[in-house]
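Q: structure_37.pdb is the file, holding PDB, C-alpha atoms, pLDDT in the B column:
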ATOM      1  CA  MET C   1      81.711 162.755  94.388  1.00 51.00           C
ATOM      2  CA  PHE C   2      81.003 159.138  93.437  1.00 46.00           C
ATOM      3  CA  LEU C   3      84.722 158.315  93.225  1.00 48.00           C
ATOM      4  CA  GLU C   4      85.350 159.949  96.590  1.00 53.00           C
ATOM      5  CA  THR C   5      82.551 157.909  98.197  1.00 48.00           C
ATOM      6  CA  GLN C   6      83.824 154.701  96.554  1.00 51.00           C
ATOM      7  CA  ASN C   7      87.358 155.368  97.860  1.00 51.00           C
ATOM      8  CA  LYS C   8      85.982 155.852 101.376  1.00 48.00           C
ATOM      9  CA  VAL C   9      84.063 152.547 101.122  1.00 45.00           C
ATOM     10  CA  GLU C  10      87.171 150.713  99.872  1.00 48.00           C
ATOM     11  CA  ALA C  11      89.250 152.238 102.694  1.00 49.00           C
ATOM     12  CA  THR C  12      86.610 151.130 105.214  1.00 47.00           C
ATOM     13  CA  GLU C  13      86.578 147.584 103.767  1.00 48.00           C
ATOM     14  CA  GLN C  14      90.364 147.398 103.985  1.00 50.00           C
ATOM     15  CA  THR C  15      90.240 148.593 107.579  1.00 47.00           C
ATOM     16  CA  GLN C  16      87.634 145.951 108.387  1.00 49.00           C
ATOM     17  CA  VAL C  17      89.758 143.201 106.848  1.00 48.00           C
ATOM     18  CA  GLN C  18      92.797 144.338 108.832  1.00 53.00           C
ATOM     19  CA  ALA C  19      90.705 144.437 112.022  1.00 49.00           C
ATOM     20  CA  VAL C  20      90.138 140.652 111.913  1.00 48.00           C
ATOM     21  CA  PRO C  21      92.264 139.034 114.666  1.00 62.00           C
ATOM     22  CA  ASN C  22      95.284 137.069 113.497  1.00 60.00           C
ATOM     23  CA  ASP C  23      94.253 134.102 115.619  1.00 79.00           C
ATOM     24  CA  ALA C  24      90.711 133.908 114.175  1.00 83.00           C
ATOM     25  CA  LEU C  25      91.539 130.676 112.335  1.00 79.00           C
ATOM     26  CA  SER C  26      92.910 129.064 115.491  1.00 83.00           C
ATOM     27  CA  LEU C  27      89.727 130.038 117.351  1.00 85.00           C
ATOM     28  CA  ILE C  28      87.583 128.438 114.634  1.00 85.00           C
ATOM     29  CA  ILE C  29      89.688 125.253 114.716  1.00 79.00           C
ATOM     30  CA  LYS C  30      89.481 125.158 118.538  1.00 82.00           C
ATOM     31  CA  ALA C  31      85.699 125.506 118.409  1.00 85.00           C
ATOM     32  CA  GLU C  32      85.477 122.672 115.853  1.00 84.00           C
ATOM     33  CA  ILE C  33      87.657 120.380 117.979  1.00 83.00           C
ATOM     34  CA  ASP C  34      85.694 121.220 121.140  1.00 85.00           C
ATOM     35  CA  THR C  35      82.475 120.322 119.310  1.00 88.00           C
ATOM     36  CA  LYS C  36      83.972 117.042 118.093  1.00 85.00           C
ATOM     37  CA  ILE C  37      85.186 116.155 121.601  1.00 85.00           C
ATOM     38  CA  SER C  38      81.711 116.844 123.011  1.00 87.00           C
ATOM     39  CA  THR C  39      80.159 114.645 120.311  1.00 85.00           C
ATOM     40  CA  ALA C  40      82.697 111.875 121.018  1.00 83.00           C
ATOM     41  CA  LYS C  41      81.846 111.964 124.726  1.00 85.00           C
ATOM     42  CA  ALA C  42      78.125 111.768 123.906  1.00 84.00           C
ATOM     43  CA  PHE C  43      78.579 108.849 121.475  1.00 87.00           C
ATOM     44  CA  PRO C  44      81.489 106.719 122.771  1.00 89.00           C
ATOM     45  CA  ARG C  45      82.991 104.010 120.596  1.00 92.00           C
ATOM     46  CA  SER C  46      82.221 100.337 120.977  1.00 95.00           C
ATOM     47  CA  ILE C  47      85.364  98.197 121.010  1.00 95.00           C
ATOM     48  CA  ASP C  48      83.303  95.154 119.990  1.00 96.00           C
ATOM     49  CA  LYS C  49      81.848  97.015 117.003  1.00 96.00           C
ATOM     50  CA  PHE C  50      85.326  98.276 116.089  1.00 97.00           C
ATOM     51  CA  MET C  51      86.842  94.794 116.163  1.00 97.00           C
ATOM     52  CA  LYS C  52      84.075  93.284 114.054  1.00 96.00           C
ATOM     53  CA  GLY C  53      84.086  96.121 111.523  1.00 97.00           C
ATOM     54  CA  ALA C  54      87.867  96.333 111.145  1.00 97.00           C
ATOM     55  CA  MET C  55      88.250  92.546 110.955  1.00 96.00           C
ATOM     56  CA  SER C  56      85.560  92.294 108.274  1.00 95.00           C
ATOM     57  CA  MET C  57      87.059  95.114 106.232  1.00 96.00           C
ATOM     58  CA  ALA C  58      90.666  93.878 106.508  1.00 96.00           C
ATOM     59  CA  THR C  59      89.789  90.307 105.551  1.00 93.00           C
ATOM     60  CA  VAL C  60      87.154  90.921 102.892  1.00 93.00           C
ATOM     61  CA  THR C  61      89.456  89.632 100.087  1.00 92.00           C
ATOM     62  CA  GLU C  62      92.956  88.218  99.772  1.00 92.00           C
ATOM     63  CA  ASP C  63      94.153  91.390  98.045  1.00 94.00           C
ATOM     64  CA  VAL C  64      92.905  93.614 100.855  1.00 95.00           C
ATOM     65  CA  ALA C  65      94.445  91.294 103.458  1.00 95.00           C
ATOM     66  CA  ALA C  66      97.769  91.357 101.598  1.00 94.00           C
ATOM     67  CA  SER C  67      97.728  95.178 101.484  1.00 96.00           C
ATOM     68  CA  CYS C  68      97.484  95.310 105.290  1.00 96.00           C
ATOM     69  CA  GLY C  69     101.134  94.286 105.686  1.00 95.00           C
ATOM     70  CA  TYR C  70     104.484  95.309 104.241  1.00 92.00           C
ATOM     71  CA  SER C  71     107.901  93.728 103.864  1.00 89.00           C
ATOM     72  CA  VAL C  72     111.130  95.673 103.263  1.00 87.00           C
ATOM     73  CA  SER C  73     114.560  94.141 102.616  1.00 82.00           C
ATOM     74  CA  ARG C  74     117.217  95.420 105.029  1.00 80.00           C
ATOM     75  CA  ALA C  75     120.788  94.203 105.584  1.00 77.00           C
ATOM     76  CA  GLY C  76     120.201  90.744 104.138  1.00 78.00           C
ATOM     77  CA  GLY C  77     116.945  90.261 106.047  1.00 83.00           C
ATOM     78  CA  SER C  78     113.467  91.712 105.912  1.00 85.00           C
ATOM     79  CA  ILE C  79     111.380  93.997 108.075  1.00 89.00           C
ATOM     80  CA  THR C  80     107.653  93.275 108.164  1.00 91.00           C
ATOM     81  CA  GLY C  81     104.732  94.992 109.841  1.00 93.00           C
ATOM     82  CA  ALA C  82     101.282  96.503 109.557  1.00 95.00           C
ATOM     83  CA  SER C  83     100.903  98.914 106.645  1.00 96.00           C
ATOM     84  CA  VAL C  84      99.234 102.290 106.125  1.00 96.00           C
ATOM     85  CA  ARG C  85      96.290 100.428 104.535  1.00 97.00           C
ATOM     86  CA  LEU C  86      95.591  98.742 107.860  1.00 97.00           C
ATOM     87  CA  ALA C  87      95.948 102.113 109.613  1.00 97.00           C
ATOM     88  CA  GLU C  88      93.255 103.508 107.282  1.00 97.00           C
ATOM     89  CA  ILE C  89      90.949 100.575 108.073  1.00 97.00           C
ATOM     90  CA  VAL C  90      91.569 101.050 111.800  1.00 97.00           C
ATOM     91  CA  CYS C  91      90.750 104.775 111.571  1.00 95.00           C
ATOM     92  CA  ALA C  92      87.601 104.136 109.554  1.00 95.00           C
ATOM     93  CA  ASN C  93      86.248 101.762 112.200  1.00 96.00           C
ATOM     94  CA  TYR C  94      87.685 103.008 115.518  1.00 96.00           C
ATOM     95  CA  GLY C  95      85.639 106.198 115.501  1.00 92.00           C
ATOM     96  CA  ASN C  96      86.084 109.542 117.263  1.00 94.00           C
ATOM     97  CA  LEU C  97      89.535 110.035 115.745  1.00 93.00           C
ATOM     98  CA  ILE C  98      91.117 112.869 113.816  1.00 93.00           C
ATOM     99  CA  ALA C  99      94.156 111.765 111.819  1.00 96.00           C
ATOM    100  CA  GLY C 100      96.137 113.219 108.975  1.00 96.00           C
ATOM    101  CA  THR C 101      99.548 114.047 107.611  1.00 96.00           C
ATOM    102  CA  ARG C 102     101.457 116.834 105.870  1.00 96.00           C
ATOM    103  CA  VAL C 103     104.941 117.628 104.564  1.00 96.00           C
ATOM    104  CA  ILE C 104     106.478 120.205 106.897  1.00 96.00           C
ATOM    105  CA  ALA C 105     110.030 120.612 105.558  1.00 96.00           C
ATOM    106  CA  ASN C 106     112.298 120.060 102.573  1.00 96.00           C
ATOM    107  CA  ASP C 107     115.933 121.089 103.088  1.00 94.00           C
ATOM    108  CA  GLY C 108     117.145 119.829  99.721  1.00 92.00           C
ATOM    109  CA  LYS C 109     118.549 116.631 101.220  1.00 95.00           C
ATOM    110  CA  THR C 110     115.590 115.215 103.107  1.00 96.00           C
ATOM    111  CA  VAL C 111     111.851 115.727 103.178  1.00 97.00           C
ATOM    112  CA  THR C 112     110.084 115.703 106.540  1.00 97.00           C
ATOM    113  CA  ALA C 113     106.480 114.610 106.961  1.00 98.00           C
ATOM    114  CA  GLN C 114     104.386 114.978 110.086  1.00 97.00           C
ATOM    115  CA  GLY C 115     101.592 112.560 110.960  1.00 97.00           C
ATOM    116  CA  PHE C 116      99.073 113.327 113.672  1.00 97.00           C
ATOM    117  CA  CYS C 117      96.284 111.441 115.383  1.00 97.00           C
ATOM    118  CA  HIS C 118      93.889 112.705 118.058  1.00 95.00           C
ATOM    119  CA  ASP C 119      91.627 110.404 120.065  1.00 95.00           C
ATOM    120  CA  LEU C 120      88.689 112.704 120.809  1.00 93.00           C
ATOM    121  CA  GLU C 121      87.275 110.484 123.556  1.00 93.00           C
ATOM    122  CA  ALA C 122      90.472 110.196 125.571  1.00 92.00           C
ATOM    123  CA  ASN C 123      91.677 113.649 124.418  1.00 90.00           C
ATOM    124  CA  TYR C 124      95.019 112.019 123.657  1.00 93.00           C
ATOM    125  CA  SER C 125      97.001 113.154 120.640  1.00 94.00           C
ATOM    126  CA  VAL C 126     100.294 112.199 119.037  1.00 97.00           C
ATOM    127  CA  GLN C 127     102.457 113.844 116.382  1.00 97.00           C
ATOM    128  CA  VAL C 128     105.130 111.853 114.577  1.00 97.00           C
ATOM    129  CA  GLU C 129     107.782 113.117 112.173  1.00 97.00           C
ATOM    130  CA  VAL C 130     109.377 110.998 109.450  1.00 97.00           C
ATOM    131  CA  LYS C 131     112.356 111.975 107.290  1.00 97.00           C
ATOM    132  CA  ARG C 132     113.087 110.524 103.848  1.00 96.00           C
ATOM    133  CA  ARG C 133     116.184 111.192 101.796  1.00 96.00           C
ATOM    134  CA  ILE C 134     115.691 112.975  98.468  1.00 96.00           C
ATOM    135  CA  THR C 135     119.221 112.444  97.135  1.00 95.00           C
ATOM    136  CA  ASN C 136     120.683 109.411  95.387  1.00 93.00           C
ATOM    137  CA  LYS C 137     123.882 107.599  96.359  1.00 90.00           C
ATOM    138  CA  TYR C 138     125.894 110.166  94.386  1.00 91.00           C
ATOM    139  CA  GLY C 139     124.419 113.078  96.346  1.00 90.00           C
ATOM    140  CA  GLN C 140     122.313 114.293  93.431  1.00 94.00           C
ATOM    141  CA  THR C 141     118.914 115.712  94.361  1.00 93.00           C
ATOM    142  CA  PHE C 142     115.827 113.941  93.033  1.00 95.00           C
ATOM    143  CA  SER C 143     113.671 115.578  90.371  1.00 94.00           C
ATOM    144  CA  GLU C 144     110.627 117.550  91.561  1.00 94.00           C
ATOM    145  CA  ASP C 145     108.297 114.669  90.682  1.00 95.00           C
ATOM    146  CA  MET C 146     110.387 112.189  92.665  1.00 96.00           C
ATOM    147  CA  GLN C 147     110.503 114.592  95.603  1.00 95.00           C
ATOM    148  CA  VAL C 148     106.703 114.646  95.587  1.00 95.00           C
ATOM    149  CA  VAL C 149     106.613 110.833  95.439  1.00 96.00           C
ATOM    150  CA  THR C 150     109.100 110.620  98.318  1.00 96.00           C
ATOM    151  CA  GLY C 151     107.062 113.168 100.288  1.00 97.00           C
ATOM    152  CA  ASN C 152     103.928 111.081  99.793  1.00 96.00           C
ATOM    153  CA  ALA C 153     105.761 107.974 101.003  1.00 96.00           C
ATOM    154  CA  ALA C 154     106.975 109.843 104.090  1.00 97.00           C
ATOM    155  CA  CYS C 155     103.408 111.056 104.724  1.00 97.00           C
ATOM    156  CA  ALA C 156     102.052 107.501 104.536  1.00 97.00           C
ATOM    157  CA  ILE C 157     104.621 106.263 107.058  1.00 96.00           C
ATOM    158  CA  ALA C 158     104.030 109.212 109.398  1.00 97.00           C
ATOM    159  CA  TYR C 159     100.257 108.681 109.236  1.00 98.00           C
ATOM    160  CA  ARG C 160     100.596 104.968 110.007  1.00 97.00           C
ATOM    161  CA  ASN C 161     102.975 105.569 112.908  1.00 97.00           C
ATOM    162  CA  ALA C 162     100.739 108.230 114.462  1.00 97.00           C
ATOM    163  CA  VAL C 163      97.597 106.083 114.239  1.00 97.00           C
ATOM    164  CA  PHE C 164      99.349 103.036 115.674  1.00 97.00           C
ATOM    165  CA  LYS C 165     100.618 105.101 118.626  1.00 97.00           C
ATOM    166  CA  VAL C 166      97.083 106.216 119.530  1.00 97.00           C
ATOM    167  CA  VAL C 167      95.010 103.083 118.858  1.00 97.00           C
ATOM    168  CA  PRO C 168      96.167 100.342 121.282  1.00 95.00           C
ATOM    169  CA  ALA C 169      98.447  97.740 119.696  1.00 94.00           C
ATOM    170  CA  SER C 170      96.545  94.992 121.521  1.00 94.00           C
ATOM    171  CA  LEU C 171      93.496  95.744 119.353  1.00 94.00           C
ATOM    172  CA  ILE C 172      95.411  95.958 116.092  1.00 96.00           C
ATOM    173  CA  GLU C 173      97.547  92.837 116.569  1.00 95.00           C
ATOM    174  CA  SER C 174      94.736  90.290 116.216  1.00 95.00           C
ATOM    175  CA  ILE C 175      93.458  91.979 113.035  1.00 96.00           C
ATOM    176  CA  TYR C 176      96.942  92.069 111.536  1.00 96.00           C
ATOM    177  CA  GLU C 177      97.595  88.421 112.421  1.00 95.00           C
ATOM    178  CA  ARG C 178      94.348  87.331 110.751  1.00 94.00           C
ATOM    179  CA  THR C 179      95.357  89.126 107.535  1.00 95.00           C
ATOM    180  CA  ARG C 180      98.706  87.294 107.603  1.00 94.00           C
ATOM    181  CA  GLU C 181      96.884  83.969 108.036  1.00 93.00           C
ATOM    182  CA  ILE C 182      94.819  84.724 104.949  1.00 92.00           C
ATOM    183  CA  VAL C 183      97.942  85.607 102.962  1.00 90.00           C
ATOM    184  CA  ARG C 184      99.584  82.332 104.079  1.00 89.00           C
ATOM    185  CA  GLY C 185      96.419  80.405 103.175  1.00 84.00           C
ATOM    186  CA  SER C 186      95.682  79.202 106.701  1.00 71.00           C
ATOM    187  CA  ALA C 187      92.489  81.278 107.042  1.00 70.00           C
ATOM    188  CA  GLU C 188      89.566  82.180 104.792  1.00 68.00           C
ATOM    189  CA  THR C 189      88.464  85.619 103.644  1.00 70.00           C
ATOM    190  CA  LEU C 190      85.126  87.117 104.584  1.00 62.00           C
ATOM    191  CA  ALA C 191      83.917  86.635 101.009  1.00 64.00           C
ATOM    192  CA  VAL C 192      84.687  82.892 101.129  1.00 66.00           C
ATOM    193  CA  ARG C 193      83.005  82.508 104.500  1.00 63.00           C
ATOM    194  CA  ARG C 194      79.909  84.286 103.207  1.00 64.00           C
ATOM    195  CA  THR C 195      79.745  82.037 100.142  1.00 68.00           C
ATOM    196  CA  LYS C 196      79.987  78.929 102.281  1.00 63.00           C
ATOM    197  CA  ALA C 197      77.284  80.250 104.614  1.00 64.00           C
ATOM    198  CA  MET C 198      74.969  80.884 101.634  1.00 66.00           C
ATOM    199  CA  GLU C 199      75.569  77.377 100.329  1.00 60.00           C
TER     200      GLU C 199
END
Please express what this file holds, its structure, as structure tokens.

A:
Amino acid sequence: MFLETQNKVEATEQTQVQAVPNDALSLIIKAEIDTKISTAKAFPRSIDKFMKGAMSMATVTEDVAASCGYSVSRAGGSITGASVRLAEIVCANYGNLIAGTRVIANDGKTVTAQGFCHDLEANYSVQVEVKRRITNKYGQTFSEDMQVVTGNAACAIAYRNAVFKVVPASLIESIYERTREIVRGSAETLAVRRTKAME
């Protein structure tokens, strides 16, 4: 009798689990985003506060300023620009943003990462995909560890590109230029300015 009752309970529990709608997770995510959008509308960002906060964070030391840019050798020259570190600083200070990245494909030759950024105030979102090769010049596939490393690199690039497509370039440019001035030695870091002010 006990076993029969237990089997009926287990069958009922299984039925209840199966009765949960397949789109329950999407409904939960939608509710979370709606709540975040409502909060963003109630507490809008301050561009002045963003500029001060991001500038202070990006120029706090020479090392941090240096990490805000990258340089890659290409065809006898070099490509330079704002790095993922600066994108992280921008996100941390801009406010009312959702940003992230994930690997979405690996076909054995390339790994594809997707970066996304959603401005909750403007309700403007962008998704960016970045491919990175996971084979060497002889066509041999990288080891699993190197594929993970390559996937992480693709994720970093996709994240940076998505953030910089949502946050206006006009706001980022002055922060980036100040970090380059610090690296070149033509500007002082926040730490140096603070020390001088204390003196």

Q: Could you state the separation of atom CA of Ala65 of chain C and atom CA of Val128 of chain C in Å, given to one decimal place?

A: 25.7 Å

Q: Report, in Å to a single decimal, how far apart atom CA of Arg132 of chain C and atom CA of Val111 of chain C are.

A: 5.4 Å

Q: Name all residues at most 9 Å from Val130 of chain C (count only C-alpha atoms; drop same-chain ones fewer than 3 positions away) and give them as a VMD selection string.

A: chain C and resid 111 to 115 154 to 155 157 to 158

Q: Residues within 7 Å of segment 166-180 of chain C, please, as a PyMOL selection string. Count all atoms listed in the file; anything in the same chain fewer than 3 positions from it doesn't count.

A: chain C and resi 55+58-59+65-66+68+82+117+119+126+162-163+183-184

Q: Write out as a PyMOL selection string which residues come within 12 Å of Val72 of chain C when counting only C-alpha atoms, dropping same-chain ones fewer than 5 positions away.

A: chain C and resi 77-83

Q: I'd like the interatomic distance between atom CA of Tyr159 of chain C and atom CA of Met51 of chain C, to a tenth of an Å.

A: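 For atom CA of Tyr159 of chain C relative to atom CA of Met51 of chain C, the distance reads 20.5 Å.
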
Q: Give the answer as one residue: which of C:Val60, C:Gly53, C:Asn136, C:Gln147 has the shortest atom-to-atom distance to Val103 of chain C, using all atoms listed in the file?

A: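 Under the stated criterion, the closest residue is C:Gln147.
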
Q: Please enumerate the residues selected by the PyMOL selection byres ((chain C and resi 85) around 8) when evaluated against the supplied file, formatted as a list in words.

A: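 Checking the PyMOL selection byres ((chain C and resi 85) around 8) against this file, the residues are Ser67, Cys68, Gly69, Ser83, Val84, Leu86, Ala87, Glu88 and Ile89 of chain C.
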
Q: Taking all listed atoms of segment 176-186 of chain C, build the axis-aligned box, pad each of the six sides by 5 Å, then write its centre and edge lengths in Å to one decimal as JSON.

A:
{"center_x": 97.0, "center_y": 85.6, "center_z": 107.7, "size_x": 15.2, "size_y": 22.9, "size_z": 19.5}

Q: For Arg160 of chain C, which residue among C:Gly139, C:Gly100, C:Gly108, C:Pro44 is the nearest when counting only C-alpha atoms?

A: C:Gly100

Q: Take the point (111.9, 118.0, 100.1) in the file's coordinates, draw a sphere of radius 10 Å around it, and report as a list in words every protein, DNA or RNA residue with an atom inside or on it, counting only C-alpha atoms.

A: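 Those within range, by chain then number, are Val103, Ile104, Ala105, Asn106, Asp107, Gly108, Lys109, Thr110, Val111, Thr112, Ala113, Lys131, Arg132, Arg133, Ile134, Thr135, Thr141, Phe142, Glu144, Met146, Gln147, Val148, Thr150 and Gly151 of chain C.
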